[in-house]
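Structure file start-v5.csv with CSV, C-alpha atoms and all ligand atoms:
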chain,number,residue,atom,x,y,z
L,11,MET,CA,20.3,-2.1,-14.7
L,12,GLY,CA,21.3,-5.1,-12.6
L,13,ASP,CA,17.7,-5.9,-12.1
L,14,PRO,CA,16.9,-9.1,-14.1
L,15,LYS,CA,13.5,-7.8,-15.0
L,16,HIS,CA,15.1,-5.4,-17.6
L,17,HIS,CA,16.5,-8.4,-19.5
L,18,ARG,CA,13.2,-10.1,-20.0
L,19,ARG,CA,12.6,-11.1,-23.5
L,20,SER,CA,8.8,-11.4,-23.1
L,21,VAL,CA,6.6,-9.9,-20.5
L,22,ARG,CA,2.8,-10.5,-20.4
L,23,HIS,CA,0.6,-7.4,-20.6
L,24,LEU,CA,-3.2,-7.3,-20.4
L,25,LEU,CA,-4.3,-4.8,-23.1
L,26,SER,CA,-7.2,-6.6,-24.6
L,27,VAL,CA,-9.2,-9.7,-23.8
L,28,SER,CA,-8.3,-11.0,-27.3
L,29,GLN,CA,-4.8,-11.7,-25.9
L,30,LEU,CA,-6.1,-14.3,-23.5
L,31,SER,CA,-6.8,-17.9,-24.5
L,32,LEU,CA,-9.9,-19.7,-23.2
L,33,GLU,CA,-7.6,-21.7,-20.9
L,34,GLU,CA,-6.0,-18.6,-19.6
L,35,ILE,CA,-9.4,-17.0,-18.9
L,36,GLN,CA,-10.3,-20.1,-16.9
L,37,GLU,CA,-7.0,-19.9,-15.0
L,38,ILE,CA,-7.8,-16.3,-14.0
L,39,LEU,CA,-11.4,-17.2,-13.0
L,40,ASN,CA,-10.1,-20.1,-10.8
L,41,LEU,CA,-7.5,-17.9,-9.2
L,42,SER,CA,-10.1,-15.2,-8.5
L,43,SER,CA,-12.2,-17.7,-6.7
L,44,GLU,CA,-9.1,-18.8,-4.7
L,45,MET,CA,-8.5,-15.2,-3.8
L,46,GLU,CA,-12.1,-14.8,-2.7
L,47,GLU,CA,-11.9,-17.9,-0.5
L,48,GLN,CA,-8.6,-17.0,1.1
L,49,LEU,CA,-9.8,-13.5,1.9
L,50,LYS,CA,-12.6,-15.0,3.9
L,51,ARG,CA,-10.0,-16.5,6.3
L,52,MET,CA,-7.5,-13.6,6.4
L,53,PRO,CA,-7.6,-9.9,5.6
L,54,GLN,CA,-4.3,-9.9,3.6
L,55,LEU,CA,-2.5,-12.5,1.6
L,56,ASN,CA,1.2,-12.4,1.3
L,57,ARG,CA,1.4,-13.3,-2.4
L,58,LEU,CA,3.1,-10.2,-3.8
L,59,PRO,CA,5.1,-8.8,-0.9
L,60,GLY,CA,7.2,-5.7,-1.7
L,61,ARG,CA,5.7,-5.4,-5.2
L,62,ILE,CA,4.8,-1.9,-6.3
L,63,LEU,CA,1.8,-1.0,-8.6
L,64,ALA,CA,2.1,2.2,-10.5
L,65,SER,CA,-1.5,3.5,-10.9
L,66,LEU,CA,-2.0,6.1,-13.7
L,67,PHE,CA,-5.5,7.4,-14.3
L,68,PHE,CA,-6.1,10.2,-16.9
L,69,GLU,CA,-9.9,9.8,-16.8
L,70,PRO,CA,-12.2,9.7,-13.8
L,71,SER,CA,-12.5,6.4,-12.0
L,72,THR,CA,-13.7,5.2,-8.6
L,73,ARG,CA,-14.2,1.4,-8.8
L,74,THR,CA,-11.4,0.5,-11.2
L,75,ARG,CA,-8.7,2.6,-9.6
L,76,PHE,CA,-9.6,1.8,-6.0
L,77,SER,CA,-10.1,-1.9,-6.7
L,78,PHE,CA,-6.7,-2.2,-8.3
L,79,GLU,CA,-5.2,-0.3,-5.4
L,80,ALA,CA,-7.1,-2.5,-2.9
L,81,ALA,CA,-6.0,-5.6,-4.8
L,82,ILE,CA,-2.3,-4.9,-4.6
L,83,LEU,CA,-2.6,-3.9,-0.9
L,84,LYS,CA,-4.5,-7.2,-0.2
L,85,LEU,CA,-1.7,-9.1,-1.9
L,86,GLY,CA,1.0,-7.5,0.4
L,87,GLY,CA,2.3,-4.9,-2.1
L,88,SER,CA,1.9,-1.2,-2.4
L,89,VAL,CA,0.9,1.7,-4.7
L,90,ILE,CA,2.5,4.7,-6.3
L,91,GLN,CA,0.2,6.9,-8.3
L,92,ALA,CA,-0.3,9.8,-10.7
L,93,ALA,CA,-3.5,11.3,-11.9
L,94,GLY,CA,-4.4,14.0,-14.4
L,95,SER,CA,-1.6,16.5,-14.8
L,96,SER,CA,0.8,15.2,-12.2
L,97,SER,CA,3.1,13.1,-14.4
L,98,SER,CA,5.7,14.1,-17.0
L,99,LEU,CA,3.4,13.1,-19.8
L,100,GLU,CA,2.1,16.7,-19.3
L,101,LYS,CA,5.6,17.9,-20.2
L,102,GLY,CA,5.5,16.1,-23.4
L,103,GLU,CA,7.2,12.8,-22.4
L,104,SER,CA,6.3,10.0,-24.8
L,105,PHE,CA,4.1,7.1,-23.7
L,106,GLU,CA,6.9,4.7,-24.5
L,107,ASP,CA,9.4,6.6,-22.4
L,108,THR,CA,6.8,6.7,-19.6
L,109,GLY,CA,6.7,2.9,-19.8
L,110,ARG,CA,10.5,2.7,-19.7
L,111,VAL,CA,10.7,4.9,-16.7
L,112,LEU,CA,7.9,3.4,-14.7
L,113,SER,CA,9.1,-0.1,-15.2
L,114,ARG,CA,12.3,0.8,-13.3
L,115,LEU,CA,10.2,2.1,-10.4
L,116,ALA,CA,7.3,-0.3,-10.2
L,117,ASP,CA,6.5,-4.0,-10.8
L,118,VAL,CA,3.2,-3.5,-12.7
L,119,ILE,CA,1.7,-0.5,-14.4
L,120,VAL,CA,-2.1,0.2,-14.6
L,121,LEU,CA,-3.2,2.8,-17.0
L,122,ARG,CA,-6.5,4.5,-17.9
L,123,HIS,CA,-6.2,7.0,-20.7
L,124,PRO,CA,-8.6,8.6,-23.2
L,125,LEU,CA,-6.3,7.9,-26.2
L,126,GLU,CA,-6.7,4.3,-27.5
L,127,HIS,CA,-3.1,3.9,-28.4
L,128,ALA,CA,-1.5,5.2,-25.2
L,129,VAL,CA,-1.6,1.9,-23.3
L,130,HIS,CA,-0.1,0.1,-26.3
L,131,GLU,CA,2.8,2.5,-26.4
L,132,VAL,CA,3.4,2.4,-22.7
L,133,ALA,CA,3.5,-1.4,-23.0
L,134,ARG,CA,6.1,-1.1,-25.8
L,135,GLY,CA,8.5,0.7,-23.5
L,136,SER,CA,7.8,-1.3,-20.4
L,137,SER,CA,9.7,-4.3,-19.1
L,138,VAL,CA,7.0,-5.0,-16.5
L,139,PRO,CA,3.3,-6.0,-17.1
L,140,VAL,CA,1.0,-3.2,-18.2
L,141,ILE,CA,-2.7,-3.5,-17.6
L,142,ASN,CA,-5.3,-1.5,-19.6
L,143,ALA,CA,-7.8,0.0,-17.2
L,144,GLY,CA,-9.8,1.5,-20.0
L,145,ASN,CA,-8.4,3.1,-23.3
L,146,GLY,CA,-10.9,5.6,-24.6
L,147,SER,CA,-14.0,3.9,-25.9
L,148,SER,CA,-12.1,0.8,-27.0
L,149,GLU,CA,-11.6,-1.8,-24.3
L,150,HIS,CA,-11.6,-2.5,-20.6
L,151,PRO,CA,-10.3,-6.1,-20.2
L,152,THR,CA,-10.3,-6.4,-16.4
L,153,GLN,CA,-14.0,-5.3,-16.4
L,154,ALA,CA,-14.8,-8.1,-18.8
L,155,LEU,CA,-13.0,-10.7,-16.5
L,156,LEU,CA,-14.9,-9.5,-13.4
L,157,ASP,CA,-18.2,-9.5,-15.4
L,158,LEU,CA,-17.5,-13.1,-16.5
L,159,TYR,CA,-16.6,-14.0,-12.9
L,160,SER,CA,-19.8,-12.4,-11.7
L,161,ILE,CA,-21.8,-14.3,-14.3
L,162,SER,CA,-20.1,-17.6,-13.5
L,163,LYS,CA,-21.4,-17.4,-9.9
L,164,ALA,CA,-25.0,-17.8,-11.1
L,165,HIS,CA,-24.2,-19.8,-14.3
L,166,PRO,CA,-21.1,-21.8,-13.5
L,167,GLU,CA,-20.4,-22.9,-17.1
L,168,CYS,CA,-21.1,-19.5,-18.6
L,169,ARG,CA,-21.9,-21.4,-21.8
L,170,GLY,CA,-24.8,-20.9,-24.2
L,171,LEU,CA,-26.4,-18.1,-22.2
L,172,LYS,CA,-28.8,-15.5,-23.6
L,173,VAL,CA,-27.2,-12.2,-22.7
L,174,GLY,CA,-28.7,-8.8,-23.5
L,175,PHE,CA,-26.5,-5.7,-23.7
L,176,VAL,CA,-28.5,-2.4,-23.4
L,177,GLY,CA,-27.4,1.2,-23.7
L,178,ASP,CA,-24.3,2.6,-25.4
L,179,LEU,CA,-22.8,-0.2,-27.5
L,180,LEU,CA,-20.9,2.2,-29.7
L,181,TYR,CA,-18.8,4.0,-27.1
L,182,GLY,CA,-19.0,1.6,-24.1
L,183,ARG,CA,-15.6,0.0,-23.6
L,184,ALA,CA,-16.8,-2.2,-20.8
L,185,ALA,CA,-19.5,-3.6,-23.1
L,186,HIS,CA,-17.0,-4.1,-25.9
L,187,SER,CA,-14.7,-6.2,-23.8
L,188,THR,CA,-17.5,-8.1,-22.1
L,189,ILE,CA,-19.1,-8.9,-25.4
L,190,GLU,CA,-15.7,-10.1,-26.7
L,191,ILE,CA,-15.1,-12.4,-23.7
L,192,LEU,CA,-18.6,-13.8,-23.8
L,193,SER,CA,-18.3,-14.6,-27.6
L,194,ARG,CA,-15.9,-17.4,-26.5
L,195,PHE,CA,-18.7,-19.1,-24.6
L,196,GLU,CA,-21.3,-19.7,-27.3
L,197,THR,CA,-23.4,-16.8,-26.0
L,198,GLN,CA,-26.6,-15.7,-27.8
L,199,PHE,CA,-26.5,-12.0,-27.9
L,200,ALA,CA,-29.4,-9.5,-27.9
L,201,LEU,CA,-27.9,-6.1,-28.6
L,202,ILE,CA,-30.4,-3.4,-27.6
L,203,SER,CA,-29.7,0.2,-28.4
L,204,HIS,CA,-30.8,3.4,-30.0
L,205,PRO,CA,-29.9,3.1,-33.7
L,206,SER,CA,-27.1,5.7,-33.3
L,207,LEU,CA,-25.4,3.7,-30.5
L,208,ARG,CA,-25.3,0.3,-32.1
L,209,LEU,CA,-22.2,-1.9,-31.9
L,210,SER,CA,-19.8,-1.0,-34.7
L,211,SER,CA,-20.0,-3.0,-37.9
L,212,GLU,CA,-16.4,-4.3,-37.3
L,213,ARG,CA,-17.2,-5.6,-33.8
L,214,LEU,CA,-20.5,-7.1,-35.1
L,215,ALA,CA,-18.7,-8.9,-37.9
L,216,ALA,CA,-16.2,-10.3,-35.5
L,217,LEU,CA,-19.0,-11.8,-33.4
L,218,GLN,CA,-20.6,-13.3,-36.5
L,219,MET,CA,-17.3,-14.7,-37.7
L,220,ARG,CA,-17.1,-16.5,-34.3
L,221,GLY,CA,-20.4,-18.1,-35.0
L,222,CYS,CA,-22.4,-16.3,-32.3
L,223,GLN,CA,-26.1,-15.7,-32.7
L,224,VAL,CA,-26.7,-11.9,-32.6
L,225,LEU,CA,-30.0,-10.1,-32.5
L,226,GLU,CA,-30.0,-6.3,-32.8
L,227,THR,CA,-33.1,-4.6,-31.6
L,228,GLN,CA,-34.4,-1.4,-30.1
L,229,ASP,CA,-37.1,-3.2,-28.2
L,230,LEU,CA,-35.9,-4.3,-24.7
L,231,GLN,CA,-39.4,-5.4,-23.6
L,232,SER,CA,-39.7,-8.0,-26.3
L,233,VAL,CA,-36.3,-9.8,-25.5
L,234,LEU,CA,-36.2,-9.4,-21.8
L,235,PRO,CA,-38.3,-12.5,-20.8
L,236,GLU,CA,-35.8,-14.8,-22.6
L,237,LEU,CA,-32.6,-13.4,-21.0
L,238,ASP,CA,-30.3,-15.1,-18.5
L,239,VAL,CA,-28.2,-11.9,-18.1
L,240,LEU,CA,-29.0,-8.3,-18.8
L,241,TYR,CA,-25.9,-6.0,-18.9
L,242,VAL,CA,-27.0,-2.4,-18.6
L,243,THR,CA,-24.6,0.4,-19.6
L,244,ARG,CA,-24.4,4.2,-19.2
L,245,VAL,CA,-24.5,6.4,-22.2
L,246,GLN,CA,-20.9,7.6,-22.4
L,247,LYS,CA,-21.5,11.4,-22.4
L,248,GLU,CA,-17.8,12.2,-22.5
L,249,ARG,CA,-17.4,10.5,-26.0
L,250,PHE,CA,-20.1,12.6,-27.7
L,251,SER,CA,-18.9,15.5,-29.9
L,252,ASP,CA,-22.5,16.8,-30.2
L,253,PRO,CA,-24.2,17.5,-26.8
L,254,SER,CA,-27.6,17.5,-28.4
L,255,HIS,CA,-27.1,14.0,-29.7
L,256,TYR,CA,-26.3,12.9,-26.1
L,257,GLU,CA,-29.4,14.7,-24.8
L,258,ALA,CA,-31.5,12.9,-27.4
L,259,VAL,CA,-30.4,9.4,-26.5
L,260,LYS,CA,-29.4,9.5,-22.9
L,261,ASN,CA,-32.7,8.3,-21.5
L,262,ALA,CA,-33.6,5.8,-24.2
L,263,TYR,CA,-33.8,2.9,-21.6
L,264,ARG,CA,-34.6,2.7,-18.0
L,265,ILE,CA,-34.9,-0.6,-16.0
L,266,ASP,CA,-37.5,-0.4,-13.2
L,267,ALA,CA,-39.3,-2.9,-11.0
L,268,THR,CA,-42.4,-3.1,-13.3
L,269,MET,CA,-40.2,-4.0,-16.2
L,270,LEU,CA,-38.4,-6.7,-14.2
L,271,LYS,CA,-41.7,-8.5,-13.6
L,272,LYS,CA,-41.3,-9.8,-17.1
L,273,ALA,CA,-37.8,-11.1,-16.6
L,274,LYS,CA,-36.7,-14.5,-15.4
L,275,LYS,CA,-36.4,-15.1,-11.7
L,276,THR,CA,-32.9,-16.2,-12.3
L,277,LEU,CA,-31.8,-13.2,-14.4
L,278,SER,CA,-28.5,-11.6,-13.5
L,279,LEU,CA,-28.8,-7.8,-13.8
L,280,LEU,CA,-25.4,-6.4,-14.3
L,281,HIS,CA,-23.9,-2.9,-14.8
L,282,PRO,CA,-20.2,-1.8,-14.7
L,283,LEU,CA,-21.3,1.4,-12.9
L,284,PRO,CA,-21.5,4.3,-12.5
L,285,ARG,CA,-25.2,4.2,-12.9
L,286,LEU,CA,-27.1,7.3,-13.8
L,287,ASP,CA,-30.8,6.9,-14.6
L,288,GLU,CA,-30.5,3.5,-16.5
L,289,ILE,CA,-31.6,1.5,-13.4
L,290,ALA,CA,-34.1,2.8,-11.0
L,291,GLY,CA,-33.1,2.8,-7.3
L,292,GLU,CA,-36.1,0.6,-6.5
L,293,VAL,CA,-34.3,-2.3,-8.3
L,294,ASP,CA,-31.3,-2.2,-6.0
L,295,HIS,CA,-32.9,-4.6,-3.5
L,296,ASP,CA,-34.2,-7.0,-6.1
L,297,PRO,CA,-32.2,-10.3,-5.6
L,298,ARG,CA,-31.4,-10.2,-9.3
L,299,ALA,CA,-29.5,-7.0,-9.0
L,300,GLY,CA,-25.8,-8.1,-9.3
L,301,TYR,CA,-24.1,-4.8,-9.8
L,302,TRP,CA,-23.0,-4.3,-6.2
L,303,ASP,CA,-21.4,-7.8,-6.1
L,304,GLN,CA,-19.6,-6.9,-9.3
L,305,VAL,CA,-17.7,-4.3,-7.3
L,306,SER,CA,-16.6,-6.8,-4.7
L,307,ASN,CA,-15.7,-9.3,-7.4
L,308,GLY,CA,-13.6,-6.6,-9.0
L,309,VAL,CA,-11.1,-6.8,-6.2
L,310,PHE,CA,-10.8,-10.6,-6.3
L,311,VAL,CA,-10.4,-10.6,-10.1
L,312,ARG,CA,-7.8,-7.8,-10.1
L,313,MET,CA,-5.9,-9.7,-7.4
L,314,ALA,CA,-5.9,-12.7,-9.6
L,315,VAL,CA,-4.8,-10.7,-12.7
L,316,LEU,CA,-1.9,-9.1,-10.8
L,317,ALA,CA,-0.7,-12.5,-9.4
L,318,TRP,CA,-1.2,-14.2,-12.7
L,319,LEU,CA,0.6,-11.6,-14.8
L,320,THR,CA,3.5,-11.5,-12.3
L,321,GLN,CA,3.8,-15.3,-12.4
L,322,LYS,CA,3.6,-15.4,-16.3
L,323,SER,CA,6.2,-12.7,-16.5
L,324,VAL,CA,8.6,-14.5,-14.1
L,325,SER,CA,8.2,-17.7,-15.9
L,326,SER,CA,9.1,-16.0,-19.2
L,327,LEU,CA,12.5,-15.3,-17.7
L,328,GLU,CA,13.3,-19.0,-17.3
L,401,LIG,C1,-16.8,1.9,-16.9
L,401,LIG,C2,-15.7,2.6,-17.7
L,401,LIG,O1,-15.0,3.4,-17.1
L,401,LIG,O2,-15.6,2.2,-18.8
L,401,LIG,N1,-16.7,2.0,-15.5
L,401,LIG,C3,-16.0,1.2,-14.8
L,401,LIG,O3,-14.8,1.0,-15.1
L,401,LIG,N2,-16.6,0.4,-13.9
L,401,LIG,C4,-18.2,2.2,-17.4
L,401,LIG,C5,-18.6,3.6,-17.5
L,401,LIG,O4,-17.9,4.5,-17.1
L,401,LIG,O5,-19.8,3.8,-17.9

Let me see the structure of the file written as structure tokens.
Amino acid sequence: MGDPKHHRRSVRHLLSVSQLSLEEIQEILNLSSEMEEQLKRMPQLNRLPGRILASLFFEPSTRTRFSFEAAILKLGGSVIQAAGSSSSLEKGESFEDTGRVLSRLADVIVLRHPLEHAVHEVARGSSVPVINAGNGSSEHPTQALLDLYSISKAHPECRGLKVGFVGDLLYGRAAHSTIEILSRFETQFALISHPSLRLSSERLAALQMRGCQVLETQDLQSVLPELDVLYVTRVQKERFSDPSHYEAVKNAYRIDATMLKKAKKTLSLLHPLPRLDEIAGEVDHDPRAGYWDQVSNGVFVRMAVLAWLTQKSVSSLE
């Protein structure tokens, strides 16, 4: 109880990219680049010594979980973790109480959960920053930040780009958050999907309200030559209630070397991964394939997010 963090009036969480101003997005990108530069000179930065990250994943994860864990270790902190049935949520503890408890044991909480509201409730109970590492099919804000950071390497201003999103735009939370973040940068969107996996009408309306140009199509070949970025997504099998629907749409799009002949030489080909059959293995060595670098960028960006939220939450005490 004597710990001042429990008296904070306001603590910054990262639940949605919509909570970040353009200026704050820029601060996080700059900090990510600083982290990347510093890691070239030393394997570990002593920026969050002694800080503990509580890592709670209730859905499968390789990249997101390990990159958060690598990020806190690289910053000089450490990890405590629970996965699946190993926490008291299984005994019926509320999400809010879980937030209350964990914020007395850790300095930051990272949660992935299939229920969209879970992370919001954990945050309500928590007096330390909570980071949404994927809530159902809704959002995945740190993926959006790392995607933007990856795009900024090839297109430093990130502004006015033609960006195609292909695959599952209905259930893909990575696509949702990345579309949302890019909508702040005058992006011209091509949304390419099977008709049953289109972006929801609410999300589409929000893009149009922001003044973004949006083309919805099923025809990838026709828009590909124009694109600066193509963001490919996995059809989210786990969100389908009808397996035959998944079977019918899962292979609607596949990017291969022949198809890429029609794309710009400067295209950035991105994918949040895991990739199933959406991108042929032969594409992996094409210089336009940016998805492996996205994985490395994920560590720099998550280091930046951890340092940034910690700093914002400390300054809210003053
Ligand atoms: C994504 C996710 O979990 O939303 N993966 C990730 O975090 N890199 C995309 C996906 O699972 O298809």

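What separates CA of Pro235 (chain L) from CA of Val173 (chain L) is a distance of 11.3 Å.
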
For this session: Find, counting all atoms listed in the file, the residue in L:Ala317, L:Val245, L:Ala215, L:Leu24 that gets nearest to Pro59 (chain L).
Result: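 Looking only at the distances to Pro59 (chain L), the closest residue turns out to be L:Ala317.
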
For this session: Set the cut-off to 7 Å, count all atoms listed in the file, and list whatever residues fall near ligand LIG 401 (chain L) as number ranges by chain.
Result: L: 71, 73-74, 144, 150, 153, 182-184, 243-246, 282-284

Problem set entry | Spatial neighbours of region 278-280 of chain L, max dist 10 Å, all atoms listed in the file, sep filter under 4 positions, as a PyMOL selection string | chain L and resi 157+160-161+163-165+173-175+237-243+265+270+273-274+289+293-294+296-304

Selected residues written out, C-alpha atoms, as a CSV table (one decimal), in the coordinates of the input:
chain,number,residue,atom,x,y,z
L,157,ASP,CA,-18.2,-9.5,-15.4
L,160,SER,CA,-19.8,-12.4,-11.7
L,161,ILE,CA,-21.8,-14.3,-14.3
L,163,LYS,CA,-21.4,-17.4,-9.9
L,164,ALA,CA,-25.0,-17.8,-11.1
L,165,HIS,CA,-24.2,-19.8,-14.3
L,173,VAL,CA,-27.2,-12.2,-22.7
L,174,GLY,CA,-28.7,-8.8,-23.5
L,175,PHE,CA,-26.5,-5.7,-23.7
L,237,LEU,CA,-32.6,-13.4,-21.0
L,238,ASP,CA,-30.3,-15.1,-18.5
L,239,VAL,CA,-28.2,-11.9,-18.1
L,240,LEU,CA,-29.0,-8.3,-18.8
L,241,TYR,CA,-25.9,-6.0,-18.9
L,242,VAL,CA,-27.0,-2.4,-18.6
L,243,THR,CA,-24.6,0.4,-19.6
L,265,ILE,CA,-34.9,-0.6,-16.0
L,270,LEU,CA,-38.4,-6.7,-14.2
L,273,ALA,CA,-37.8,-11.1,-16.6
L,274,LYS,CA,-36.7,-14.5,-15.4
L,289,ILE,CA,-31.6,1.5,-13.4
L,293,VAL,CA,-34.3,-2.3,-8.3
L,294,ASP,CA,-31.3,-2.2,-6.0
L,296,ASP,CA,-34.2,-7.0,-6.1
L,297,PRO,CA,-32.2,-10.3,-5.6
L,298,ARG,CA,-31.4,-10.2,-9.3
L,299,ALA,CA,-29.5,-7.0,-9.0
L,300,GLY,CA,-25.8,-8.1,-9.3
L,301,TYR,CA,-24.1,-4.8,-9.8
L,302,TRP,CA,-23.0,-4.3,-6.2
L,303,ASP,CA,-21.4,-7.8,-6.1
L,304,GLN,CA,-19.6,-6.9,-9.3

For this session: For Ala314 (chain L), work out the shell of residues within 12 Å, counting only C-alpha atoms and skipping chain neighbours fewer than 3 positions away, then give it as number ranges by chain.
Result: L: 34-46, 48, 55, 57-58, 77-78, 81-82, 84-85, 152, 155-156, 159, 307-311, 317-322

Would you export the selected residues with C-alpha atoms as a short mmCIF file (atom, residue, chain, number, x, y, z; two decimals), in the frame of the given file, please?
data_model
loop_
_atom_site.label_atom_id
_atom_site.label_comp_id
_atom_site.auth_asym_id
_atom_site.auth_seq_id
_atom_site.Cartn_x
_atom_site.Cartn_y
_atom_site.Cartn_z
CA GLU L 34 -6.00 -18.60 -19.60
CA ILE L 35 -9.40 -17.00 -18.90
CA GLN L 36 -10.30 -20.10 -16.90
CA GLU L 37 -7.00 -19.90 -15.00
CA ILE L 38 -7.80 -16.30 -14.00
CA LEU L 39 -11.40 -17.20 -13.00
CA ASN L 40 -10.10 -20.10 -10.80
CA LEU L 41 -7.50 -17.90 -9.20
CA SER L 42 -10.10 -15.20 -8.50
CA SER L 43 -12.20 -17.70 -6.70
CA GLU L 44 -9.10 -18.80 -4.70
CA MET L 45 -8.50 -15.20 -3.80
CA GLU L 46 -12.10 -14.80 -2.70
CA GLN L 48 -8.60 -17.00 1.10
CA LEU L 55 -2.50 -12.50 1.60
CA ARG L 57 1.40 -13.30 -2.40
CA LEU L 58 3.10 -10.20 -3.80
CA SER L 77 -10.10 -1.90 -6.70
CA PHE L 78 -6.70 -2.20 -8.30
CA ALA L 81 -6.00 -5.60 -4.80
CA ILE L 82 -2.30 -4.90 -4.60
CA LYS L 84 -4.50 -7.20 -0.20
CA LEU L 85 -1.70 -9.10 -1.90
CA THR L 152 -10.30 -6.40 -16.40
CA LEU L 155 -13.00 -10.70 -16.50
CA LEU L 156 -14.90 -9.50 -13.40
CA TYR L 159 -16.60 -14.00 -12.90
CA ASN L 307 -15.70 -9.30 -7.40
CA GLY L 308 -13.60 -6.60 -9.00
CA VAL L 309 -11.10 -6.80 -6.20
CA PHE L 310 -10.80 -10.60 -6.30
CA VAL L 311 -10.40 -10.60 -10.10
CA ALA L 317 -0.70 -12.50 -9.40
CA TRP L 318 -1.20 -14.20 -12.70
CA LEU L 319 0.60 -11.60 -14.80
CA THR L 320 3.50 -11.50 -12.30
CA GLN L 321 3.80 -15.30 -12.40
CA LYS L 322 3.60 -15.40 -16.30
#

Problem set entry | Neighbour list for Ser88 (chain L) as a list in words, cut-off 8 Å, all atoms listed in the file, skip fewer than 6 positions in-chain | Gly60, Arg61, Ile62, Leu63, Glu79 and Ile82 of chain L

If you keep C-alpha atoms, can you produce a file of those selected residues as a PDB file, in the frame of the given file?
ATOM      1  CA  GLY L  60       7.200  -5.700  -1.700  1.00  0.00           C
ATOM      2  CA  ARG L  61       5.700  -5.400  -5.200  1.00  0.00           C
ATOM      3  CA  ILE L  62       4.800  -1.900  -6.300  1.00  0.00           C
ATOM      4  CA  LEU L  63       1.800  -1.000  -8.600  1.00  0.00           C
ATOM      5  CA  GLU L  79      -5.200  -0.300  -5.400  1.00  0.00           C
ATOM      6  CA  ILE L  82      -2.300  -4.900  -4.600  1.00  0.00           C
TER       7      ILE L  82
END

For this session: Kindly give the distance, in Å, that separates CA of His281 (chain L) and CA of Leu209 (chain L), rounded to a single decimal.
Result: 17.2 Å

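Taking CA of Ala64 (chain L) and CA of Pro151 (chain L) as endpoints, the distance between them is 17.8 Å.
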
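Excluding Val233 (chain L) itself and any same-chain residue fewer than 5 positions from it, the protein and nucleic acid residues within 10 Å of it, counting all atoms listed in the file, are L:Lys172, L:Val173, L:Gly174, L:Ala200, L:Leu201, L:Ile202, L:Leu225, L:Thr227, L:Gln228, L:Lys272, L:Ala273.
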
Same residues, C-alpha atoms, output as a short mmCIF file (atom, residue, chain, number, x, y, z; two decimals), keeping the file's coordinate frame:
data_model
loop_
_atom_site.label_atom_id
_atom_site.label_comp_id
_atom_site.auth_asym_id
_atom_site.auth_seq_id
_atom_site.Cartn_x
_atom_site.Cartn_y
_atom_site.Cartn_z
CA LYS L 172 -28.80 -15.50 -23.60
CA VAL L 173 -27.20 -12.20 -22.70
CA GLY L 174 -28.70 -8.80 -23.50
CA ALA L 200 -29.40 -9.50 -27.90
CA LEU L 201 -27.90 -6.10 -28.60
CA ILE L 202 -30.40 -3.40 -27.60
CA LEU L 225 -30.00 -10.10 -32.50
CA THR L 227 -33.10 -4.60 -31.60
CA GLN L 228 -34.40 -1.40 -30.10
CA LYS L 272 -41.30 -9.80 -17.10
CA ALA L 273 -37.80 -11.10 -16.60
#

Exercise. Near Ala216 (chain L), counting all atoms listed in the file, which residues have an atom at most 12 Å away, once you skip same-chain residues fewer than 6 positions from it, shown as a ChimeraX atom specification?
Worked result: /L:28,186,189-190,193-194,209-210,222-224

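The closest residue to Ala267 (chain L), picked from L:Lys247, L:Arg51, L:His204, L:His295 and counting all atoms listed in the file, is L:His295.
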
Problem set entry | Nearest candidate to Ser323 (chain L) (options L:Gln54, L:Gln91, L:Ser137, L:Thr72; using all atoms listed in the file) |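 Under the stated criterion, the closest residue is L:Ser137.
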
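For the residues L:Asn145, L:Ser187, L:Ser251, L:Ser206, ranking by smallest atom-to-atom distance to Leu30 (chain L) using all atoms listed in the file places L:Ser187 first.
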
For this session: Find the residue from L:Leu49, L:Leu277, L:Ile191, L:Leu115 that sits nearest to Ile90 (chain L); use all atoms listed in the file when measuring.
Result: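 Of L:Leu49, L:Leu277, L:Ile191, L:Leu115, the one nearest Ile90 (chain L), counting all atoms listed in the file, is L:Leu115.
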
For this session: Go through L:Glu149, L:Glu131, L:Glu126, L:Glu226 and flag the residue nearest Ser104 (chain L), using only C-alpha atoms for the distances.
Result: L:Glu131

Please rebuild region 305-311 of chain L with N, CA and C atoms and return the result as a PDB file, in the coordinates of the input.
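Contents of out-v2.pdb, freshly written:
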ATOM      1  N   VAL L 305     -18.794  -5.109  -7.871  1.00  0.00           N
ATOM      2  CA  VAL L 305     -17.700  -4.300  -7.300  1.00  0.00           C
ATOM      3  C   VAL L 305     -16.824  -5.105  -6.404  1.00  0.00           C
ATOM      4  N   SER L 306     -17.410  -5.943  -5.550  1.00  0.00           N
ATOM      5  CA  SER L 306     -16.600  -6.800  -4.700  1.00  0.00           C
ATOM      6  C   SER L 306     -15.767  -7.776  -5.543  1.00  0.00           C
ATOM      7  N   ASN L 307     -16.418  -8.344  -6.558  1.00  0.00           N
ATOM      8  CA  ASN L 307     -15.700  -9.300  -7.400  1.00  0.00           C
ATOM      9  C   ASN L 307     -14.530  -8.647  -8.118  1.00  0.00           C
ATOM     10  N   GLY L 308     -14.640  -7.345  -8.365  1.00  0.00           N
ATOM     11  CA  GLY L 308     -13.600  -6.600  -9.000  1.00  0.00           C
ATOM     12  C   GLY L 308     -12.254  -6.718  -8.271  1.00  0.00           C
ATOM     13  N   VAL L 309     -12.315  -6.725  -6.953  1.00  0.00           N
ATOM     14  CA  VAL L 309     -11.100  -6.800  -6.200  1.00  0.00           C
ATOM     15  C   VAL L 309     -10.487  -8.232  -6.301  1.00  0.00           C
ATOM     16  N   PHE L 310     -11.317  -9.263  -6.200  1.00  0.00           N
ATOM     17  CA  PHE L 310     -10.800 -10.600  -6.300  1.00  0.00           C
ATOM     18  C   PHE L 310     -10.169 -10.880  -7.679  1.00  0.00           C
ATOM     19  N   VAL L 311     -10.879 -10.402  -8.702  1.00  0.00           N
ATOM     20  CA  VAL L 311     -10.400 -10.600 -10.100  1.00  0.00           C
ATOM     21  C   VAL L 311      -9.133  -9.849 -10.336  1.00  0.00           C
TER      22      VAL L 311
END
